Amino acid sequence: MTFAISFAVYTLLIVAVGVYSARFARKSDEDYFLAGRSLGPWLAALSASASSESGWVTLGLVGWAFISGVSAYWIIPGCMVGFLFNWLVIAGRLRTRAGALGALTLPDLFAFSFKERFPILRLLCVLVILVAMMLYVAAQFAAAGKAFAASFDGIQYRTGVLIGAAIVLTYTVIGGFRAACWTDFVQALVMVGTLVVFPLYLLLSQGGYGFIAETLIEVDPSLLKFTPDKAGLAMVGFVLGSGALGINFGYPGQPHVLVRFMALRDPREAKIAGAIAAVWATCVFWGAVTVGLMVRAITESGSEWTSGLASDLAGGASDAGETGLVLAAINMIPGALSGMVLAAVLAAICSTADSQLVVAASSGANDIYSRLIEKTSKPAHMVINRLVVFALGVGAVLLVIDERIHIFRFVLTYGWAVLGASFGPQLILLLLWKRASYAGCVAGMVTGFGLALAWPALYDPVEHGGIEIYNLPLAFTAALLINIIVSLFTGSSTEPQPCVEAAPSARG
């Protein structure tokens with residue numbers, strides 16, 4: 001009962017923050033999608049970080065460490081390079097360019113930069129966002145289903161999906177981007193607090209890393225190796241895989257993160273925000289991996305409450321250990337505190353899902369309706385924004401309502417990879433290379449989008465000796481090269497110039 005009350009109080013707090021923040025929203029598309037470009041470094045850093053690190057951290061990464069061992073610590077450098085590149089190289093430039101163009105969304109940025117007459121690039125951006133975000137948000141709702149099913153007796157996976165979706169949709173529909181930022185800020189604090197304090201408690205109470213090492217070495221010595229016994233292409237595949245440095249390729253292409261850069265109050269504050277984000281991420285990744293390792297050691301030692309985890313592991317379940325954080329909290333700490341751990345899990349889920357829903361809604365409401373159909377800013381746009389958020393949320397629920405997915409793999413192989421390969425190379429060239437061209441951007445985006453989606457179906461690591469070729473680095477590199485080659489033949493300057501098309505919606 002105490003556990004349920006603690007979690008309920010947190011949930012009501014988050015919804016209240018979202019609803020309250022809506023009181024400060026002005027009736028303009030710029031405020032609904034960018035909070036009036038008013039984010040300071042702390043709010044931007046923590047909301048961007050929380051929105052990029054979803055249920056794949058509190059469930060997926062814990063499960064990954066549970067299965068793979070200490071090599072999961074590669075996730076820290078595997079993500080830190082991307083974090084720092086985004087904040088130190090991309091953020092300030094993107095804020096300056098978006099402000100000069102009056103761009104409210106990523107499709108706006110590309111369309112206005114190239115002064116697009118026919119909306120080919122804009123529609124392509126919208127297609128990428130809607131497809132990838134639907135998959136990404138669906139994974140978050142699936143994570144909610146698993147978390148609730150593991151936490152409460154009598155709640156099934158399907159019911160958990162519906163509860164998680166209801167919580168997210170309530171405050172996102174009402175408050176838009178401003179609500180997403182403030183709730184993400186609170187959720188980021190809850191996540192870092194939980195994923196630092198709880199792992200430290202587990203280490204101190206169970207005998208530290210010595211307990212992990214002594215237990216796991218008897219089960220499988222490879223669990224204590226930071227790199228597998230591989231060489232050549234196999235080693236390259238590991239380093240550039242989804243569990244190590246390959247994740248970095250995705251950071252410059254995540255619209256739900258990039259929109260925080262566009263909403264910065266001052267581009268000069270990007271470096272401060274970057275330092276905040278880097279510290280936050282290091283703490284969260286370390287905590288998630290440490291929990292996964294500790295839960296695996298406790299499972300191997302035969303603790304009664306880990307019997308379900310042991311069964312999943314023995315049966316070869318791909319998602320074994322993903323509920324380890326929640327189960328450990330319920331069985332090892334008092335109810336009020338364990339409720340906060342579940343709150344942290346939900347925080348990771350909500351902080352990503354709400355941001356992605358707002359970005360996806362902007363593609364339908366702003367990039368199609370406002371820019372191509374109505375071409376004015378009216379109060380009716382706000383109704384459309386909210387309807388699109390709701391419709392996308394319902395669609396995401398339907399994708400996973402009857403299927404439990406492997407969250408770590410699903411997120412990184414589809415949502416993260418598709419967005420990273422489609423937008424990342426194009427944005428980098430747009431901001432850093434004056435010869436980037438419209439044709440090159442279109443060709444690169446088509447290449448990244450198509451290859452990222454198709455590669456998992458075309459390549460099976462099992463058939464190639466277990467060598468992983470992660471679709472993100474492959475598709476990212478191909479898209480970058482295609483964009484450069486096509487741009488060299490059709491090059492044009494992309495220096496930012498005010499765009500007349502942007503004016504109506506930007507003013508509100």
# chains A, B, ... in the order shown; residues from 1 in each chain; ligands from 1
call {"tool": "select_by_dssp", "arguments": {"residues": "range 292-434 of chain A", "states": "helix (DSSP H, G or I)", "output": "PyMOL selection string"}}
result
chain A and resi 292-300+304-314+324-332+335-374+379-400+407-432
call {"tool": "write_last_selection", "arguments": {"atoms": "C-alpha atoms", "output": "tab-separated table (two decimals), in the first residue's frame"}}
result
chain	number	residue	atom	x	y	z
A	292	GLY	CA	21.78	-4.70	-13.78
A	293	LEU	CA	25.03	-6.31	-12.64
A	294	MET	CA	23.96	-6.43	-9.00
A	295	VAL	CA	20.56	-7.95	-9.83
A	296	ARG	CA	22.28	-10.60	-11.99
A	297	ALA	CA	24.61	-11.48	-9.10
A	298	ILE	CA	21.70	-11.67	-6.66
A	299	THR	CA	19.80	-13.86	-9.15
A	300	GLU	CA	22.74	-16.25	-9.50
A	304	GLU	CA	13.83	-16.13	-3.80
A	305	TRP	CA	12.46	-12.92	-5.32
A	306	THR	CA	14.61	-13.38	-8.45
A	307	SER	CA	13.03	-16.70	-9.44
A	308	GLY	CA	11.17	-15.11	-12.34
A	309	LEU	CA	14.35	-13.45	-13.60
A	310	ALA	CA	16.19	-16.77	-13.34
A	311	SER	CA	13.46	-18.49	-15.37
A	312	ASP	CA	13.64	-15.85	-18.10
A	313	LEU	CA	17.42	-16.17	-18.20
A	314	ALA	CA	17.31	-19.98	-18.38
A	324	GLY	CA	15.34	-5.92	-12.49
A	325	LEU	CA	15.38	-2.35	-11.19
A	326	VAL	CA	11.72	-2.40	-10.19
A	327	LEU	CA	11.85	-5.88	-8.65
A	328	ALA	CA	14.99	-5.08	-6.67
A	329	ALA	CA	13.40	-1.92	-5.29
A	330	ILE	CA	10.18	-3.66	-4.28
A	331	ASN	CA	12.01	-6.47	-2.49
A	332	MET	CA	15.01	-4.68	-0.98
A	335	GLY	CA	7.60	0.79	0.19
A	336	ALA	CA	7.79	4.59	0.09
A	337	LEU	CA	11.28	4.46	-1.42
A	338	SER	CA	10.49	1.64	-3.82
A	339	GLY	CA	7.57	3.73	-5.08
A	340	MET	CA	10.08	6.41	-6.01
A	341	VAL	CA	12.10	3.86	-7.99
A	342	LEU	CA	9.04	2.97	-10.03
A	343	ALA	CA	8.50	6.71	-10.40
A	344	ALA	CA	12.01	6.99	-11.87
A	345	VAL	CA	11.21	4.24	-14.36
A	346	LEU	CA	8.02	6.01	-15.36
A	347	ALA	CA	9.96	9.31	-15.49
A	348	ALA	CA	12.31	7.89	-18.11
A	349	ILE	CA	9.36	6.63	-20.14
A	350	CYS	CA	7.29	9.80	-19.90
A	351	SER	CA	10.15	12.22	-20.50
A	352	THR	CA	10.83	10.67	-23.89
A	353	ALA	CA	7.29	9.87	-24.96
A	354	ASP	CA	5.91	13.35	-24.25
A	355	SER	CA	8.69	15.08	-26.18
A	356	GLN	CA	8.33	12.73	-29.12
A	357	LEU	CA	4.58	13.21	-29.25
A	358	VAL	CA	4.99	17.01	-29.35
A	359	VAL	CA	7.58	16.76	-32.14
A	360	ALA	CA	5.45	14.32	-34.10
A	361	ALA	CA	2.41	16.54	-33.63
A	362	SER	CA	4.38	19.50	-34.94
A	363	SER	CA	4.97	17.56	-38.15
A	364	GLY	CA	1.27	17.11	-38.70
A	365	ALA	CA	-0.05	20.40	-37.34
A	366	ASN	CA	2.74	22.83	-38.24
A	367	ASP	CA	4.63	21.28	-41.14
A	368	ILE	CA	1.59	20.10	-43.05
A	369	TYR	CA	-1.46	22.06	-41.92
A	370	SER	CA	0.02	25.43	-40.97
A	371	ARG	CA	2.73	25.60	-43.65
A	372	LEU	CA	1.05	23.89	-46.59
A	373	ILE	CA	-2.72	24.22	-46.12
A	374	GLU	CA	-3.80	27.10	-43.88
A	379	PRO	CA	-6.26	29.47	-32.47
A	380	ALA	CA	-7.60	26.50	-34.46
A	381	HIS	CA	-4.00	25.34	-34.86
A	382	MET	CA	-3.81	24.66	-31.15
A	383	VAL	CA	-6.79	22.30	-31.43
A	384	ILE	CA	-5.12	20.49	-34.32
A	385	ASN	CA	-1.85	20.22	-32.38
A	386	ARG	CA	-3.61	18.52	-29.50
A	387	LEU	CA	-5.65	16.22	-31.72
A	388	VAL	CA	-2.50	15.05	-33.49
A	389	VAL	CA	-0.77	14.35	-30.16
A	390	PHE	CA	-3.76	12.29	-29.03
A	391	ALA	CA	-4.05	10.40	-32.33
A	392	LEU	CA	-0.36	9.52	-32.39
A	393	GLY	CA	-0.52	8.35	-28.79
A	394	VAL	CA	-3.42	6.06	-29.57
A	395	GLY	CA	-1.60	4.70	-32.63
A	396	ALA	CA	1.50	3.95	-30.56
A	397	VAL	CA	-0.59	2.07	-27.99
A	398	LEU	CA	-2.15	-0.09	-30.69
A	399	LEU	CA	1.31	-1.13	-31.95
A	400	VAL	CA	2.33	-2.75	-28.65
A	407	ILE	CA	13.00	-2.46	-25.42
A	408	PHE	CA	16.79	-2.01	-25.62
A	409	ARG	CA	17.03	-3.49	-29.11
A	410	PHE	CA	13.76	-2.05	-30.41
A	411	VAL	CA	14.59	1.53	-29.47
A	412	LEU	CA	18.18	1.50	-30.73
A	413	THR	CA	17.49	-0.47	-33.91
A	414	TYR	CA	14.41	1.40	-35.04
A	415	GLY	CA	13.49	4.71	-33.40
A	416	TRP	CA	17.00	5.91	-32.52
A	417	ALA	CA	18.71	4.56	-35.64
A	418	VAL	CA	16.12	5.71	-38.16
A	419	LEU	CA	16.09	9.26	-36.81
A	420	GLY	CA	19.86	9.41	-36.40
A	421	ALA	CA	20.65	8.24	-39.91
A	422	SER	CA	17.91	10.27	-41.58
A	423	PHE	CA	18.54	13.64	-39.92
A	424	GLY	CA	22.02	13.52	-38.37
A	425	PRO	CA	24.27	13.68	-41.47
A	426	GLN	CA	21.99	16.20	-43.15
A	427	LEU	CA	21.94	18.53	-40.14
A	428	ILE	CA	25.70	18.35	-39.62
A	429	LEU	CA	26.38	19.27	-43.25
A	430	LEU	CA	23.72	21.98	-43.23
A	431	LEU	CA	25.29	23.69	-40.22
A	432	LEU	CA	28.98	23.09	-40.90
call {"tool": "closest_atom_pairs", "arguments": {"of": "range 120-210 of chain A", "to": "range 263-281 of chain A", "cutoff": "10 Å", "atoms": "only C-alpha atoms", "output": "CSV"}}
result
residue,atom,partner,partner_atom,distance
A:Phe177,CA,A:Ala263,CA,9.8
A:Ala188,CA,A:Trp280,CA,8.3
A:Leu189,CA,A:Trp280,CA,8.9
A:Met191,CA,A:Trp280,CA,9.3
A:Val192,CA,A:Trp280,CA,6.6
A:Gly193,CA,A:Trp280,CA,9.9
call {"tool": "atom_distance", "arguments": {"atom1": "CA of Val168 in chain A", "atom2": "CA of Thr183 in chain A"}}
result
10.1 Å
call {"tool": "residues_around", "arguments": {"residues": "range 444-452 of chain A", "least_positions_apart": "2", "cutoff": "7 Å", "atoms": "only C-alpha atoms", "output": "list in words"}}
result
Val128, Ala417, Val418, Ala421, Ser422, Phe423, Gln426, Gly440, Cys441, Val442, Ala454, Trp455, Asn471, Leu472, Ala475, Phe476, Ala478, Ala479, Leu480, Ile482 and Asn483 of chain A
